[in-house]
Amino acid sequence: MATEPKPNKVKTDLLRVEGVTKIFDGVIKAVDDVSLTVAQGEIFALLGGSGCGKSTLLRLLAGFEVPTKGRIFLAGQDITDLPPYQRPINMMFQSYALFPHLTVWQNIAFGLQRDHMPKAQIAERVESMLKLIQLTSFAQRKPHQLSGGQQQRVALARSLAKQPKLLLLDEPLGALDKKLREKTQVELVGIIEEVGVTCVLVTHDQEEAMTMASTIAVMHEGTILQTGTPDEVYERPNSRQVAEFIGDVNIFEGQIETYAADHVRIRSEVCVHYLMHGISGHVGLSVVVAVRPEKIVLSKKRPAGEVNWCVGEVVALVYFGDHTIYHIQLANAQVIKAQQMNRTTDLAEAITSGDRVYASWSGLALVVLVQ
Amino acid sequence: MEWSGLGSVGSISAFWSQLVVIINHFKKLLSGKSLLISLPYLWLILLVAIPLLIVLKISLSDMGPTSVTDVLSWSQGWPTIKINFSSYLFLASDQLYIDTYLSSIKYALLTTLICLVVGFPFAYFMARAPKYLQPMLLMLIMLPFWTSFLLRIYAWKTLLVSNGIINNALLSLGVINQPLAIMNNSFSLVLGMVYSYLPFMILPLYANLSKLDLRFLEAAADLGANAFKTFWLVTVPLSKAGIIAGSMLVFIPAVGEYVIPELLGGSDTLMIGRVLWDEFFANNDWPMASAVAVVMMLLILLPMSLLSRYQSEQAESKL
């Protein structure tokens with residue numbers, strides 16, 4: 001094992017999905033011509049709303065569904081037609097699906113026993129798994145005697161026990177409450193990295209995807225809209241749908257007014273956007289400009305210059321303690337959101353509902369998307 | 001009469017407060033909820049518990065020339081209880097009764113087992129059938145109950161006898177040369193019992209299996225279990241409650257079954273229900289018949305109470 005290179009150093013493709021389509025009942029296209037590659041050692045997130053096909057794609061990888069079209073390769077081997085029990089892939093199920101009639105120990109040993117591993121070796125593996133998830137003293141408990149977080153760890157141990165080439169996680173934190181999620185998330189990634197297993201995880205929670213995954217694929221209506229690192233997907237969305245799905249975003253519709261290699265002016269109804277870098281396009285092209293709420297600065301004073309600001313009235317504000325989200329209605333009745341850190345304790349100076357404010361942003365805070 | 005001091009006033013008020021407590025207690029008993037609960041219990045006491053006690057009483061008495069002697073008699077103003085164990089002693093000593101009990105249990109077990117083997121896959125696929133089909137499949141299971149049980153057993157008779165429909169069909173097709181002996185033997189008996197009790201196996205199994213979470217089966221497959229292993233290691237253990245309920249519902253009435261052995265059984269298929277009938281109506285030996293009934297009930301109740309204790313222990317360990 002020592003001679004084996006660290007998986008994250010050598011980026012070889014472990015999983016390759018080629019043009020996979022899944023049609024249910026002859027009409028419903030759950031997954032539509034999806035191709036993707038997952039590198040060895042990577043945590044790959046399929047992110048999308050409900051019904052986007054991410055779960056079906058995961059089930060195709062696990063072997064619970066057979067693709068209507070396309071092939072799936074794992075480490076170069078075509079596994080498209082292999083039944084689930086013959087794939088070197090294990091899955092951690094949503095809400096875990098721990099066998100209720102078996103103890104923690106038996107749950108973890110279940111997969112090893114199916115491989116006819118010698119008893120002593122099974123015991124050794126299960127013990128090491130229990131140590132990994134720090135539940136050694138819970139070995140003889142039944143799943144229902146464990147807390148949600150403990151069940152989640154047992155489910156992880158069960159899916160890792162066979163040392164699969166690929167680990168599938170279906171909404172791994174979905175069944176936990178918010179407080180427990182953050183803690184579990186860190187633990188989960190810690191264990192996955194310690195084991196060094198390649199992961200494909202499915203989630204509808206962008207925060208979960210952002211914090212856990214090294215690569216995110218945003219799915220919508222059965223197709224992948226964009227694949228990239230979390231910051232790429234967030235800061236450089238390639239479409240309005242991605243921008244709107246990941247985080248909050250303010251959208252301004254407009255036309256390119258001046259077009260140059262190093263800057264672009266875009267006129268929208270309420271303001272002029274000045275972009276400090278070039279984009280592909282031409283004068284007169286209809287585009288949308290996306291600005292994230294946290295990139296907007298609010299001020300009661302008029303900003304200098306004529307570009308990258310607009311003015312409006314605060315119609316609502318949502319106070320979070322550390323930050324506040326302001327809803328500002330512009331002249332054309334459009335409401336934008338601006339997020340401000342609450343940097344002072346001075347409540348008198350704070351912007352409140354009904355105030356007329358200027359919202360401004362940097363020329364580097366914009367994303368221009370073709371309609 | 002005069003009031004004699006505080007003591008008696010105290011005791012009277014104590015009596016009153018006691019009375020109030022008792023009245024309140026009864027009021028509580030008569031409240032809607034307890035009334036609702038007590039009605040079926042009252043029914044059971046009147047129509048099950050008391051008759052059972054009467055049967056027990058008869059089994060412990062003598063058979064007089066025309067009637068059963070009373071266990072309780074009055075002599076010189078004192079009640080005397082005369083208990084007669086002779087029926088039970090005879091039961092225990094006569095090999096015929098012991099054989100009959102054993103063979104009743106044997107046929108009941110065989111029936112239960114066949115019902116389980118036939119009913120499980122049936123219930124399984126019914127639970128997996130498309131949702132819109134399930135009510136109809138359920139209806140089909142219940143459909144036989146719309147015809148009289150007795151009629152259906154008679155119908156089997158016409159099917160199975162030597163010149164019955166099955167034998168005639170097979171003979172005319174040339175499959176067999178002489179009629180199959182499929183009537184008035186253990187085959188026809190078990191067939192009739194399986195036929196009659198199969199729904200009682202399927203229904204609880206279906207109720208149980210339709211609640212089975214399919215993710216458990218997927219999890220098993222994911223961990224390397226093939227279809228057979230998944231069935232044996234996950235489906236069966238998880239449907240244990242249904243298997244037990246179904247088996248009980250088949251086994252208990254099957255042990256004491258009278259009509260089916262009478263109509264479809266042969267001279268060599270001994271069942272306790274028939275013996276019971278004979279003792280009551282042919283031999284007119286009520287104490288003996290009652291003793292046979294009491295022992296039969298004990299035979300069924302004992303394993304059942306053990307089982308229910310085991311189940312409640314299981315349920316407790318889950319809490």
# chains A, B, ... in the order shown; residues from 1 in each chain; ligands from 1
call {"tool": "select_by_dssp", "arguments": {"residues": "range 157-220 of chain B", "states": "alpha helix (DSSP H)", "output": "VMD selection string"}}
result
chain B and resid 157 to 160 165 to 173 186 to 209 214 to 220
call {"tool": "write_last_selection", "arguments": {"atoms": "C-alpha atoms", "output": "tab-separated table (two decimals), in the first residue's frame"}}
result
chain	number	residue	atom	x	y	z
B	157	LYS	CA	-65.80	-33.58	-2.88
B	158	THR	CA	-67.31	-33.61	-6.33
B	159	LEU	CA	-63.95	-32.69	-7.79
B	160	LEU	CA	-61.93	-35.34	-5.98
B	165	ILE	CA	-64.39	-34.21	-12.37
B	166	ILE	CA	-60.62	-34.48	-11.99
B	167	ASN	CA	-60.44	-38.25	-12.30
B	168	ASN	CA	-62.88	-38.32	-15.20
B	169	ALA	CA	-60.95	-35.68	-17.05
B	170	LEU	CA	-57.63	-37.42	-16.54
B	171	LEU	CA	-59.13	-40.79	-17.50
B	172	SER	CA	-60.67	-39.48	-20.68
B	173	LEU	CA	-57.41	-37.79	-21.58
B	186	SER	CA	-54.72	-37.25	4.08
B	187	PHE	CA	-54.21	-35.69	0.66
B	188	SER	CA	-57.77	-34.47	0.30
B	189	LEU	CA	-57.81	-33.44	3.96
B	190	VAL	CA	-54.72	-31.27	3.69
B	191	LEU	CA	-55.81	-29.94	0.32
B	192	GLY	CA	-59.13	-28.85	1.77
B	193	MET	CA	-57.52	-27.26	4.80
B	194	VAL	CA	-54.92	-25.40	2.73
B	195	TYR	CA	-57.64	-24.24	0.38
B	196	SER	CA	-59.80	-22.98	3.24
B	197	TYR	CA	-57.12	-21.34	5.34
B	198	LEU	CA	-54.85	-19.87	2.67
B	199	PRO	CA	-56.50	-16.41	2.80
B	200	PHE	CA	-55.81	-16.24	6.53
B	201	MET	CA	-52.12	-16.68	5.75
B	202	ILE	CA	-52.03	-14.29	2.81
B	203	LEU	CA	-53.82	-11.36	4.40
B	204	PRO	CA	-51.52	-10.71	7.36
B	205	LEU	CA	-48.48	-11.45	5.19
B	206	TYR	CA	-49.68	-8.98	2.59
B	207	ALA	CA	-50.33	-6.34	5.25
B	208	ASN	CA	-46.81	-6.85	6.49
B	209	LEU	CA	-45.02	-7.09	3.16
B	214	LEU	CA	-37.82	-1.47	-0.65
B	215	ARG	CA	-34.66	0.41	0.22
B	216	PHE	CA	-33.71	-2.46	2.51
B	217	LEU	CA	-33.75	-4.78	-0.47
B	218	GLU	CA	-31.70	-2.34	-2.51
B	219	ALA	CA	-29.27	-1.93	0.35
B	220	ALA	CA	-28.83	-5.70	0.50
call {"tool": "interface_residues", "arguments": {"of": "chain A", "to": "chain B", "cutoff": "9 Å", "atoms": "only C-alpha atoms", "output": "JSON, numbers by chain"}}
result
{"A": [62, 63, 64, 83, 84, 85, 86, 87, 88, 89, 90, 91, 92, 93, 96, 97, 98, 99, 100, 101, 110, 111, 112, 113, 114, 115, 142, 144, 145, 158, 159, 162]}
call {"tool": "write_last_selection", "arguments": {"atoms": "N, CA and C atoms", "output": "mmCIF file, in the first residue's frame"}}
result
data_model
loop_
_atom_site.group_PDB
_atom_site.id
_atom_site.type_symbol
_atom_site.label_atom_id
_atom_site.label_comp_id
_atom_site.auth_asym_id
_atom_site.auth_seq_id
_atom_site.Cartn_x
_atom_site.Cartn_y
_atom_site.Cartn_z
ATOM 1 N N ALA A 62 -25.409 2.903 -9.220
ATOM 2 C CA ALA A 62 -25.477 1.797 -8.258
ATOM 3 C C ALA A 62 -25.946 0.510 -8.923
ATOM 4 N N GLY A 63 -26.667 0.648 -10.026
ATOM 5 C CA GLY A 63 -27.160 -0.531 -10.733
ATOM 6 C C GLY A 63 -28.604 -0.861 -10.443
ATOM 7 N N PHE A 64 -29.311 0.009 -9.732
ATOM 8 C CA PHE A 64 -30.723 -0.243 -9.446
ATOM 9 C C PHE A 64 -31.589 0.060 -10.654
ATOM 10 N N PRO A 83 -25.353 -6.376 -12.409
ATOM 11 C CA PRO A 83 -26.343 -6.132 -11.351
ATOM 12 C C PRO A 83 -25.669 -5.458 -10.152
ATOM 13 N N PRO A 84 -26.463 -4.796 -9.310
ATOM 14 C CA PRO A 84 -25.867 -4.034 -8.206
ATOM 15 C C PRO A 84 -24.939 -4.867 -7.331
ATOM 16 N N TYR A 85 -25.318 -6.158 -7.118
ATOM 17 C CA TYR A 85 -24.526 -6.946 -6.181
ATOM 18 C C TYR A 85 -23.190 -7.385 -6.749
ATOM 19 N N GLN A 86 -22.963 -7.098 -8.047
ATOM 20 C CA GLN A 86 -21.653 -7.443 -8.609
ATOM 21 C C GLN A 86 -20.794 -6.213 -8.858
ATOM 22 N N ARG A 87 -21.298 -5.027 -8.510
ATOM 23 C CA ARG A 87 -20.514 -3.822 -8.769
ATOM 24 C C ARG A 87 -19.632 -3.492 -7.564
ATOM 25 N N PRO A 88 -18.397 -3.082 -7.823
ATOM 26 C CA PRO A 88 -17.536 -2.670 -6.698
ATOM 27 C C PRO A 88 -17.882 -1.253 -6.247
ATOM 28 N N ILE A 89 -19.178 -1.032 -6.106
ATOM 29 C CA ILE A 89 -19.695 0.286 -5.744
ATOM 30 C C ILE A 89 -20.613 0.085 -4.554
ATOM 31 N N ASN A 90 -20.510 0.927 -3.557
ATOM 32 C CA ASN A 90 -21.459 0.854 -2.448
ATOM 33 C C ASN A 90 -22.098 2.207 -2.231
ATOM 34 N N MET A 91 -23.272 2.132 -1.672
ATOM 35 C CA MET A 91 -24.084 3.336 -1.553
ATOM 36 C C MET A 91 -24.491 3.549 -0.100
ATOM 37 N N MET A 92 -24.459 4.810 0.291
ATOM 38 C CA MET A 92 -25.044 5.170 1.571
ATOM 39 C C MET A 92 -26.400 5.777 1.256
ATOM 40 N N PHE A 93 -27.440 5.099 1.718
ATOM 41 C CA PHE A 93 -28.787 5.461 1.301
ATOM 42 C C PHE A 93 -29.295 6.687 2.042
ATOM 43 N N TYR A 96 -30.541 6.209 5.291
ATOM 44 C CA TYR A 96 -29.618 5.127 5.659
ATOM 45 C C TYR A 96 -30.016 3.689 5.340
ATOM 46 N N ALA A 97 -31.300 3.337 5.460
ATOM 47 C CA ALA A 97 -31.735 1.964 5.190
ATOM 48 C C ALA A 97 -30.890 0.939 5.943
ATOM 49 N N LEU A 98 -30.590 1.221 7.202
ATOM 50 C CA LEU A 98 -29.905 0.218 8.027
ATOM 51 C C LEU A 98 -30.886 -0.909 8.315
ATOM 52 N N PHE A 99 -30.402 -2.151 8.267
ATOM 53 C CA PHE A 99 -31.304 -3.280 8.519
ATOM 54 C C PHE A 99 -31.775 -3.239 9.968
ATOM 55 N N PRO A 100 -33.078 -3.075 10.190
ATOM 56 C CA PRO A 100 -33.544 -2.891 11.565
ATOM 57 C C PRO A 100 -33.427 -4.144 12.420
ATOM 58 N N HIS A 101 -33.357 -5.316 11.759
ATOM 59 C CA HIS A 101 -33.326 -6.550 12.549
ATOM 60 C C HIS A 101 -31.901 -6.974 12.889
ATOM 61 N N PHE A 110 -22.516 -7.222 6.998
ATOM 62 C CA PHE A 110 -23.418 -7.816 5.998
ATOM 63 C C PHE A 110 -22.752 -7.985 4.628
ATOM 64 N N GLY A 111 -22.157 -6.919 4.147
ATOM 65 C CA GLY A 111 -21.538 -6.964 2.822
ATOM 66 C C GLY A 111 -20.326 -7.892 2.781
ATOM 67 N N LEU A 112 -19.575 -7.917 3.871
ATOM 68 C CA LEU A 112 -18.365 -8.759 3.918
ATOM 69 C C LEU A 112 -18.747 -10.230 3.917
ATOM 70 N N GLN A 113 -19.835 -10.543 4.642
ATOM 71 C CA GLN A 113 -20.296 -11.937 4.683
ATOM 72 C C GLN A 113 -20.749 -12.404 3.317
ATOM 73 N N ARG A 114 -21.304 -11.502 2.526
ATOM 74 C CA ARG A 114 -21.747 -11.882 1.181
ATOM 75 C C ARG A 114 -20.559 -12.219 0.287
ATOM 76 N N ASP A 115 -19.384 -11.667 0.627
ATOM 77 C CA ASP A 115 -18.187 -11.961 -0.155
ATOM 78 C C ASP A 115 -17.471 -13.211 0.347
ATOM 79 N N LYS A 142 -29.069 -2.132 18.238
ATOM 80 C CA LYS A 142 -29.862 -2.151 17.007
ATOM 81 C C LYS A 142 -29.944 -0.702 16.489
ATOM 82 N N HIS A 144 -32.280 1.296 15.741
ATOM 83 C CA HIS A 144 -33.251 2.214 16.349
ATOM 84 C C HIS A 144 -32.823 2.707 17.721
ATOM 85 N N GLN A 145 -31.763 2.088 18.263
ATOM 86 C CA GLN A 145 -31.278 2.540 19.566
ATOM 87 C C GLN A 145 -30.201 3.615 19.422
ATOM 88 N N ARG A 158 -20.978 0.908 6.935
ATOM 89 C CA ARG A 158 -21.468 -0.240 6.189
ATOM 90 C C ARG A 158 -21.105 -0.123 4.715
ATOM 91 N N SER A 159 -21.213 1.097 4.179
ATOM 92 C CA SER A 159 -20.937 1.257 2.756
ATOM 93 C C SER A 159 -19.436 1.295 2.467
ATOM 94 N N LYS A 162 -16.710 -2.738 2.534
ATOM 95 C CA LYS A 162 -16.225 -3.584 1.440
ATOM 96 C C LYS A 162 -15.118 -2.911 0.645
#
call {"tool": "closest_residue", "arguments": {"among": "B:Thr66, B:Ser61, B:Thr100, B:Ser267", "to": "Met296 in chain B", "atoms": "only C-alpha atoms"}}
result
B:Thr100
call {"tool": "atom_distance", "arguments": {"atom1": "CA of Gln140 in chain A", "atom2": "CA of Leu173 in chain A"}}
result
24.3 Å
call {"tool": "select_by_dssp", "arguments": {"residues": "range 73-210 of chain B", "states": "strand (DSSP E)", "output": "list in words"}}
result
Ser73, Trp74, Ser75, Trp78, Pro79, Thr80 and Ile81 of chain B
call {"tool": "write_last_selection", "arguments": {"atoms": "C-alpha atoms", "output": "short mmCIF file (atom, residue, chain, number, x, y, z; two decimals), in the first residue's frame"}}
result
data_model
loop_
_atom_site.label_atom_id
_atom_site.label_comp_id
_atom_site.auth_asym_id
_atom_site.auth_seq_id
_atom_site.Cartn_x
_atom_site.Cartn_y
_atom_site.Cartn_z
CA SER B 73 -73.87 -30.42 45.43
CA TRP B 74 -75.56 -29.59 48.71
CA SER B 75 -75.66 -32.03 51.53
CA TRP B 78 -73.14 -27.61 53.19
CA PRO B 79 -71.78 -27.33 49.73
CA THR B 80 -69.68 -30.24 48.61
CA ILE B 81 -67.47 -30.23 45.59
#
call {"tool": "residues_around", "arguments": {"residues": "Val71 in chain B", "least_positions_apart": "3", "cutoff": "9 Å", "atoms": "only C-alpha atoms", "output": "list in words"}}
result
Lys57, Ile58, Leu60, Ser61, Asp62, Val68, Thr80, Ile81, Lys82, Ile83 and Asn84 of chain B
call {"tool": "residues_around", "arguments": {"residues": "range 341-348 of chain A", "least_positions_apart": "2", "cutoff": "8 Å", "atoms": "only C-alpha atoms", "output": "ChimeraX atom specification"}}
result
/A:321-324,339,350
call {"tool": "residues_around", "arguments": {"residues": "His282 in chain A", "least_positions_apart": "6", "cutoff": "10 Å", "atoms": "only C-alpha atoms", "output": "PyMOL selection string"}}
result
chain A and resi 255-260+264
call {"tool": "write_last_selection", "arguments": {"atoms": "C-alpha atoms", "output": "JSON list (two decimals), in the first residue's frame"}}
result
[["chain", "number", "residue", "atom", "x", "y", "z"],
["A", 255, "GLN", "CA", -28.03, 45.08, -24.13],
["A", 256, "ILE", "CA", -24.35, 45.44, -24.86],
["A", 257, "GLU", "CA", -23.73, 49.12, -25.56],
["A", 258, "THR", "CA", -20.00, 49.29, -26.08],
["A", 259, "TYR", "CA", -17.86, 46.31, -26.68],
["A", 260, "ALA", "CA", -14.06, 46.23, -26.29],
["A", 264, "VAL", "CA", -17.91, 46.11, -21.84]]
call {"tool": "residues_around", "arguments": {"residues": "range 289-302 of chain A", "least_positions_apart": "2", "cutoff": "7 Å", "atoms": "only C-alpha atoms", "output": "list in words"}}
result
Asp248, Val249, Asn250, Ile251, Phe252, Glu253, Val287, Ala304, Lys337, Ala338, Gln339, Gln340, Arg356, Val357, Tyr358, Ala359, Ser360, Trp361, Ala365, Leu366, Val367, Val368 and Leu369 of chain A
call {"tool": "atom_distance", "arguments": {"atom1": "CA of Leu57 in chain A", "atom2": "CA of Ala30 in chain A"}}
result
8.3 Å
